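One structure is given below, encoded as structure tokens.
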Amino acid sequence: MKAVVCVKIVNGELNPFDACALECALQTADDVTIISMCPESAKEPLSRLTRLGVKVILLTDNAFAGSDTLATSRILSSAVNKLSYDIIFCGRQTIDGDTGQVGSCLATLLEIPVITNVLKFQIENDRVTAKTRLGEESAKLPVLLTVERINDLRFPSIRSKLMPVTVWDNSILKIDKSHIGLSGSPTKVLKTFESKKGERKCKFINKEDLDDLVKKLMEGSAKENFVTGSQHKLKEVYAVGHEVEKQAFAIAEKVNFIDETDPFKVAQTVKKANAQVVLWNADILGRRNAPVMQALLKTGLCADCTALETDGETLYMYRPAMSGNVIAKIICRTQPVIATVRTVSESSDIIVSGGKGTAFNFDLLKKLAEKFNAQICASRGLVDMGSAPYEMQVGLTGKNVSPKIYIAVGISGAVQHTCAIENAAYVIAINPDKNARIFEYSDYGIISTLENF
């Protein structure tokens, strides 16, 4: 069995989702090749991976700089086509971009099936059967899998030795430069700025006052949240499903709904209609299928948009980047413009959500939720630790929620989490660290641990 693993080095380290993908390959194949499109500086951390008995190919060239997800997928597909493989592994997403687009886009360019968000898989009779976030899926080899954080990458043998890293530049790949780099990237970042949206003025209270506060807030009127519209609107947009209806009507005079979710059929409909803008819901299904459509139509895609605006001609898309620490304002220079849009999931009036600080006291978190008849949720950190299922995850890579009261317990307040609770009417944070960022995004704060409740 021959496997190819696509990885990225982020801040000098192997992207954690890609580490899981590499471990899957090592467990599956006896011939593993890593390919990584990174600057020359990634050569040293990539070389350490050769101690695992794998071949490593670094794709690096000044012509590759500035490539968006479509251009990156073109570069990776060109490299993969020079290799012999049965299966390709990718991590679910990178921790710097958080788009999750490349796996689906790459598979489409290679004209092989893709199975995303893989939790478990087996190969039998040249066929892969996988348990995923979307249920069970199956496909015949060759296939591309994007995997969740389902394992830990093994350590190399003490006696293993470093092997040379093979470097391929564009003189080897021979890709038309108009299809890669900044010039070949349909999407363009106009500007970035620090994410401050959702900040609140926190009032600190004693833990003994929590019960009375929850009762008082539940009896009062909730703050109203709504989708703001643009002063000028596009003539029409297409929306895949009705989940993005509010966002679509906020920027367009007319919305054409496509009930079909198969990306190949959606692409045909969009192409036939000569659509200029297509919106998908940024759920797991949208994150998998929109990049397929992107590759089919060779156009740009902006993922996980938290806001859209237009001057009547151009669509401006806003999305978190760098794990949510900054917001990027993006345009697409090709048509159709595709965007996956964050929508608010239905939730209970009260949510009790746990972070890493509750990892070893999840039963106590459940009791607190039961006390308020609340829905229980979790941060990405808690889910990644395996202490809570993905369905509970709130955050940039989970779901947006809009309860009347959101109680964050042991959550530090990373941007990728706070951006998903902006629509909560009231946020109450419980954390022993008085300097925790979560308090900046809370209406009320309690300096305490979960054990004290």
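Naming scheme: A, B, ... for chains in displayed order of the structure tokens; residues 1 onward per chain; ligands 1 onward as shown.
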
Quick one: which stretch 360-383 of chain A residues come within 6 Å of stretch 339-352 of chain A, and what is the nearest atom pair for each with the distance in Å to one decimal, counting only C-alpha atoms, rows ordered by chain and ascending number, as a tab-separated table?
```
residue	atom	partner	partner_atom	distance
A:Ala369	CA	A:Val352	CA	5.5
A:Ala374	CA	A:Ile350	CA	4.8
A:Gln375	CA	A:Ile351	CA	4.7
A:Ile376	CA	A:Val352	CA	5.0
```

Proximity of stretch 330-448 of chain A to stretch 98-103 of chain A: per-residue shortest pair, 10 Å limit, only C-alpha atoms, as a Markdown table:
```
| residue | atom | partner | partner_atom | distance |
| --- | --- | --- | --- | --- |
| A:Thr340 | CA | A:Thr99 | CA | 9.9 |
| A:Leu396 | CA | A:Asp98 | CA | 8.2 |
| A:Thr397 | CA | A:Asp98 | CA | 7.6 |
| A:Gln416 | CA | A:Asp98 | CA | 9.7 |
```

List the neighbours of A:Asp262 out to 9 Å using only C-alpha atoms; skip same-chain residues closer than 4 positions along the sequence, and give me the result as a PDB file with N, CA and C atoms, in the first residue's frame.
```pdb
ATOM      1  N   VAL A 266     -24.770  21.023  -8.146  1.00  0.00           N
ATOM      2  CA  VAL A 266     -24.842  22.452  -7.843  1.00  0.00           C
ATOM      3  C   VAL A 266     -23.985  23.236  -8.819  1.00  0.00           C
ATOM      4  N   ALA A 267     -22.796  22.720  -9.113  1.00  0.00           N
ATOM      5  CA  ALA A 267     -21.896  23.383 -10.061  1.00  0.00           C
ATOM      6  C   ALA A 267     -22.539  23.502 -11.433  1.00  0.00           C
ATOM      7  N   ASN A 289     -18.329  20.237   0.624  1.00  0.00           N
ATOM      8  CA  ASN A 289     -18.822  20.321  -0.753  1.00  0.00           C
ATOM      9  C   ASN A 289     -18.485  21.615  -1.481  1.00  0.00           C
TER      10      ASN A 289
END
```

At what distance in Å, to one decimal, does atom CA of A:Glu422 lie from atom CA of A:Tyr441?
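Atom-to-atom, atom CA of A:Tyr441 and atom CA of A:Glu422 are spaced 8.4 Å apart.
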
Show which residues sit within 6 Å of stretch 128-137 of chain A, as a PyMOL selection string. Count only C-alpha atoms, and ignore same-chain residues fewer than 2 positions away.
chain A and resi 117-123+139

Enter the distance from atom CA of A:Glu245 to atom CA of A:Ile407, in Å, rounded to one decimal.
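Between these atoms lies a distance of 28.8 Å.
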
State, in Å with one decimal place, the distance from atom CA of A:Asp443 to atom CA of A:Leu308.
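Separation between atom CA of A:Asp443 and atom CA of A:Leu308: 26.7 Å.
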
Rank A:Val10, A:Val427, A:Val409, A:Leu22 by their smallest atom-to-atom distance to A:Lys366, using only C-alpha atoms, and report the top residue only.
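Smallest separation from A:Lys366 among the options: A:Val409.
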
Exercise: A:Leu153 partners within 7 Å, only C-alpha atoms, chain neighbours under 6 positions left out, as a list in words
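The residues satisfying every condition are Ala19, Cys20 and Glu23 of chain A.
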
Nearest candidate to A:Gly53 (options A:Leu70, A:Leu109, A:Leu162, A:Ala275; using only C-alpha atoms):
A:Leu162

Test item, helix (DSSP H, G or I) assignment across stretch 54-100 of chain A, answer as a ChimeraX atom specification
/A:62-64,69-80

Could you dump the residues just selected with N, CA, C and O atoms as a CSV table (one decimal), in the first residue's frame?
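Result file is part_1.csv:
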```csv
chain,number,residue,atom,x,y,z
A,62,ASN,N,9.5,30.8,-5.2
A,62,ASN,CA,9.0,32.1,-5.0
A,62,ASN,C,7.6,32.3,-5.7
A,62,ASN,O,6.8,33.1,-5.4
A,63,ALA,N,7.5,31.5,-6.8
A,63,ALA,CA,6.3,31.6,-7.6
A,63,ALA,C,5.0,31.1,-6.8
A,63,ALA,O,3.9,31.4,-7.2
A,64,PHE,N,5.3,30.3,-5.8
A,64,PHE,CA,4.2,29.7,-5.0
A,64,PHE,C,3.7,30.7,-3.9
A,64,PHE,O,2.6,30.5,-3.4
A,69,THR,N,-6.2,28.8,-1.5
A,69,THR,CA,-6.5,27.4,-1.4
A,69,THR,C,-6.6,26.7,-2.8
A,69,THR,O,-6.2,25.6,-3.0
A,70,LEU,N,-7.2,27.4,-3.8
A,70,LEU,CA,-7.2,26.8,-5.1
A,70,LEU,C,-5.9,26.7,-5.7
A,70,LEU,O,-5.5,25.7,-6.3
A,71,ALA,N,-5.0,27.8,-5.7
A,71,ALA,CA,-3.7,27.7,-6.2
A,71,ALA,C,-2.8,26.7,-5.5
A,71,ALA,O,-2.0,26.0,-6.1
A,72,THR,N,-3.0,26.6,-4.1
A,72,THR,CA,-2.3,25.6,-3.4
A,72,THR,C,-2.7,24.2,-3.8
A,72,THR,O,-1.8,23.3,-4.0
A,73,SER,N,-3.9,24.0,-4.0
A,73,SER,CA,-4.4,22.7,-4.5
A,73,SER,C,-3.9,22.3,-5.9
A,73,SER,O,-3.5,21.1,-6.1
A,74,ARG,N,-3.7,23.3,-6.7
A,74,ARG,CA,-3.1,23.1,-8.0
A,74,ARG,C,-1.7,22.6,-7.9
A,74,ARG,O,-1.2,21.7,-8.6
A,75,ILE,N,-0.9,23.3,-7.0
A,75,ILE,CA,0.5,22.9,-6.8
A,75,ILE,C,0.6,21.5,-6.2
A,75,ILE,O,1.4,20.7,-6.7
A,76,LEU,N,-0.2,21.2,-5.2
A,76,LEU,CA,-0.2,19.9,-4.6
A,76,LEU,C,-0.6,18.8,-5.6
A,76,LEU,O,0.0,17.7,-5.7
A,77,SER,N,-1.6,19.1,-6.4
A,77,SER,CA,-2.1,18.1,-7.4
A,77,SER,C,-1.0,17.8,-8.4
A,77,SER,O,-0.8,16.7,-8.9
A,78,SER,N,-0.3,18.8,-8.8
A,78,SER,CA,0.8,18.6,-9.8
A,78,SER,C,1.9,17.7,-9.2
A,78,SER,O,2.4,16.9,-9.9
A,79,ALA,N,2.2,17.9,-7.9
A,79,ALA,CA,3.2,17.1,-7.3
A,79,ALA,C,2.7,15.6,-7.1
A,79,ALA,O,3.4,14.7,-7.4
A,80,VAL,N,1.4,15.5,-6.7
A,80,VAL,CA,0.9,14.2,-6.4
A,80,VAL,C,0.8,13.4,-7.7
A,80,VAL,O,1.1,12.2,-7.7
```

Using only C-alpha atoms, which residues sit within 9 Å of A:Gln231 once same-chain residues fewer than 5 positions away are excluded, as a list in words?
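Final neighbour list, sorted by chain and number: Ile251, Glu309, Thr310, Asp311 and Gly312 of chain A.
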
Export of the given selection (C-alpha atoms) as a PDB file, in the first residue's frame:
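Result saved to part.pdb:
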```
ATOM      1  CA  ILE A 251     -26.880  41.501   0.613  1.00  0.00           C
ATOM      2  CA  GLU A 309     -21.254  43.353   2.751  1.00  0.00           C
ATOM      3  CA  THR A 310     -21.518  44.833  -0.706  1.00  0.00           C
ATOM      4  CA  ASP A 311     -21.460  48.171  -2.491  1.00  0.00           C
ATOM      5  CA  GLY A 312     -23.941  46.786  -5.005  1.00  0.00           C
TER       6      GLY A 312
END
```

Show which residues sit within 9 Å of A:Ser442, as a ChimeraX atom specification. Count only C-alpha atoms, and ignore same-chain residues fewer than 5 positions away.
/A:198-203,408,426-429

Put those residues in a file: C-alpha atoms, as a JSON list (two decimals), in the first residue's frame.
```
[["chain", "number", "residue", "atom", "x", "y", "z"],
["A", 198, "GLY", "CA", -18.15, 40.57, 20.76],
["A", 199, "GLU", "CA", -16.37, 42.37, 23.59],
["A", 200, "ARG", "CA", -18.56, 43.06, 26.63],
["A", 201, "LYS", "CA", -18.25, 44.88, 29.94],
["A", 202, "CYS", "CA", -17.83, 42.28, 32.65],
["A", 203, "LYS", "CA", -19.29, 42.64, 36.14],
["A", 408, "ALA", "CA", -18.55, 29.31, 30.05],
["A", 426, "TYR", "CA", -25.78, 37.09, 28.19],
["A", 427, "VAL", "CA", -22.42, 35.42, 28.84],
["A", 428, "ILE", "CA", -21.37, 34.31, 32.30],
["A", 429, "ALA", "CA", -17.76, 33.15, 32.67]]
```

Looking at A:Val214, A:Ile405, A:Leu59, A:Val244, which one is nearest to A:Asp283, with distances taken over only C-alpha atoms?
A:Val244

DSSP on the backbone: which residues in stretch 82-187 of chain A end up as strand (DSSP E or B)? Give the answer as a ChimeraX atom specification.
/A:87-91,114-124,127-132,135-140,143-147,166-168,187

Next, the residues of the selection above should be written as a short mmCIF file (atom, residue, chain, number, x, y, z; two decimals), in the first residue's frame with N, CA, C and O atoms.
```cif
data_model
loop_
_atom_site.label_atom_id
_atom_site.label_comp_id
_atom_site.auth_asym_id
_atom_site.auth_seq_id
_atom_site.Cartn_x
_atom_site.Cartn_y
_atom_site.Cartn_z
N ILE A 87 -3.69 5.86 -1.64
CA ILE A 87 -4.51 6.65 -0.73
C ILE A 87 -3.76 7.91 -0.35
O ILE A 87 -2.53 7.92 -0.28
N ILE A 88 -4.51 8.99 -0.15
CA ILE A 88 -3.93 10.27 0.26
C ILE A 88 -4.57 10.67 1.59
O ILE A 88 -5.78 10.57 1.77
N PHE A 89 -3.74 11.12 2.52
CA PHE A 89 -4.22 11.59 3.81
C PHE A 89 -3.93 13.07 3.97
O PHE A 89 -2.83 13.54 3.65
N CYS A 90 -4.91 13.81 4.47
CA CYS A 90 -4.73 15.21 4.84
C CYS A 90 -5.34 15.41 6.22
O CYS A 90 -6.28 14.71 6.60
N GLY A 91 -4.81 16.38 6.98
CA GLY A 91 -5.47 16.76 8.21
C GLY A 91 -6.75 17.50 7.90
O GLY A 91 -6.91 18.04 6.80
N VAL A 114 -13.41 11.91 -2.20
CA VAL A 114 -12.91 12.44 -0.93
C VAL A 114 -13.87 12.05 0.18
O VAL A 114 -15.09 12.08 -0.01
N ILE A 115 -13.31 11.67 1.31
CA ILE A 115 -14.10 11.43 2.52
C ILE A 115 -13.51 12.34 3.60
O ILE A 115 -12.34 12.24 3.92
N THR A 116 -14.33 13.24 4.14
CA THR A 116 -13.82 14.23 5.08
C THR A 116 -14.23 13.90 6.51
O THR A 116 -15.12 13.09 6.76
N ASN A 117 -13.55 14.58 7.45
CA ASN A 117 -13.88 14.48 8.88
C ASN A 117 -13.89 13.03 9.36
O ASN A 117 -14.81 12.59 10.05
N VAL A 118 -12.85 12.31 8.99
CA VAL A 118 -12.78 10.88 9.30
C VAL A 118 -12.39 10.66 10.77
O VAL A 118 -11.43 11.22 11.27
N LEU A 119 -13.17 9.81 11.43
CA LEU A 119 -12.92 9.45 12.82
C LEU A 119 -12.29 8.07 12.95
O LEU A 119 -11.55 7.79 13.89
N LYS A 120 -12.62 7.21 11.99
CA LYS A 120 -12.13 5.83 12.01
C LYS A 120 -12.31 5.27 10.61
O LYS A 120 -13.26 5.63 9.91
N PHE A 121 -11.40 4.39 10.18
CA PHE A 121 -11.54 3.84 8.84
C PHE A 121 -10.89 2.46 8.76
O PHE A 121 -10.05 2.10 9.59
N GLN A 122 -11.28 1.72 7.75
CA GLN A 122 -10.64 0.44 7.46
C GLN A 122 -10.62 0.24 5.95
O GLN A 122 -11.46 0.78 5.22
N ILE A 123 -9.64 -0.53 5.48
CA ILE A 123 -9.49 -0.80 4.05
C ILE A 123 -9.62 -2.30 3.83
O ILE A 123 -8.93 -3.09 4.47
N GLU A 124 -10.50 -2.66 2.95
CA GLU A 124 -10.73 -4.07 2.65
C GLU A 124 -11.15 -4.21 1.19
O GLU A 124 -12.04 -3.51 0.72
N ARG A 127 -11.22 -1.06 -0.95
CA ARG A 127 -12.29 -0.12 -0.65
C ARG A 127 -12.12 0.40 0.78
O ARG A 127 -11.82 -0.36 1.70
N VAL A 128 -12.33 1.70 0.95
CA VAL A 128 -12.25 2.33 2.27
C VAL A 128 -13.65 2.53 2.82
O VAL A 128 -14.53 3.06 2.13
N THR A 129 -13.84 2.11 4.04
CA THR A 129 -15.08 2.39 4.76
C THR A 129 -14.71 3.21 5.98
O THR A 129 -13.83 2.82 6.76
N ALA A 130 -15.37 4.36 6.14
CA ALA A 130 -14.97 5.28 7.20
C ALA A 130 -16.16 5.75 8.02
O ALA A 130 -17.25 5.98 7.49
N LYS A 131 -15.91 5.90 9.32
CA LYS A 131 -16.85 6.58 10.19
C LYS A 131 -16.45 8.05 10.22
O LYS A 131 -15.30 8.37 10.51
N THR A 132 -17.38 8.94 9.90
CA THR A 132 -17.07 10.36 9.82
C THR A 132 -18.05 11.17 10.66
O THR A 132 -19.01 10.64 11.22
N GLY A 135 -21.43 10.58 9.34
CA GLY A 135 -21.94 9.21 9.29
C GLY A 135 -20.94 8.30 8.61
O GLY A 135 -19.77 8.63 8.44
N GLU A 136 -21.40 7.13 8.19
CA GLU A 136 -20.51 6.17 7.53
C GLU A 136 -20.46 6.43 6.03
O GLU A 136 -21.49 6.64 5.38
N GLU A 137 -19.25 6.42 5.47
CA GLU A 137 -19.06 6.62 4.04
C GLU A 137 -18.09 5.57 3.51
O GLU A 137 -17.26 5.04 4.25
N SER A 138 -18.18 5.33 2.21
CA SER A 138 -17.33 4.32 1.59
C SER A 138 -16.93 4.78 0.19
O SER A 138 -17.68 5.47 -0.49
N ALA A 139 -15.73 4.40 -0.22
CA ALA A 139 -15.25 4.76 -1.56
C ALA A 139 -14.16 3.78 -1.98
O ALA A 139 -13.45 3.22 -1.15
N LYS A 140 -14.04 3.60 -3.27
CA LYS A 140 -13.02 2.71 -3.82
C LYS A 140 -11.69 3.45 -3.96
O LYS A 140 -11.65 4.64 -4.25
N VAL A 143 -8.37 7.11 -3.01
CA VAL A 143 -9.27 8.03 -2.33
C VAL A 143 -8.45 8.97 -1.46
O VAL A 143 -7.32 8.67 -1.08
N LEU A 144 -9.03 10.13 -1.16
CA LEU A 144 -8.38 11.09 -0.25
C LEU A 144 -9.22 11.17 1.02
O LEU A 144 -10.44 11.36 0.96
N LEU A 145 -8.56 11.05 2.16
CA LEU A 145 -9.22 11.17 3.46
C LEU A 145 -8.70 12.40 4.20
O LEU A 145 -7.49 12.63 4.24
N THR A 146 -9.60 13.20 4.77
CA THR A 146 -9.17 14.23 5.71
C THR A 146 -9.57 13.75 7.10
O THR A 146 -10.71 13.35 7.33
N VAL A 147 -8.61 13.75 8.02
CA VAL A 147 -8.85 13.12 9.31
C VAL A 147 -8.92 14.13 10.45
O VAL A 147 -8.31 15.20 10.42
N THR A 166 13.78 15.92 -0.25
CA THR A 166 13.79 16.25 -1.68
C THR A 166 13.07 17.57 -1.89
O THR A 166 11.98 17.79 -1.35
N VAL A 167 13.68 18.46 -2.66
CA VAL A 167 13.08 19.77 -2.91
C VAL A 167 12.66 19.87 -4.38
O VAL A 167 13.47 19.64 -5.28
N TRP A 168 11.38 20.20 -4.58
CA TRP A 168 10.86 20.44 -5.93
C TRP A 168 10.42 21.89 -6.05
O TRP A 168 9.65 22.39 -5.21
N THR A 187 -8.93 34.56 -4.79
CA THR A 187 -9.26 35.39 -3.64
C THR A 187 -8.10 36.30 -3.27
O THR A 187 -6.94 35.96 -3.45
#
```
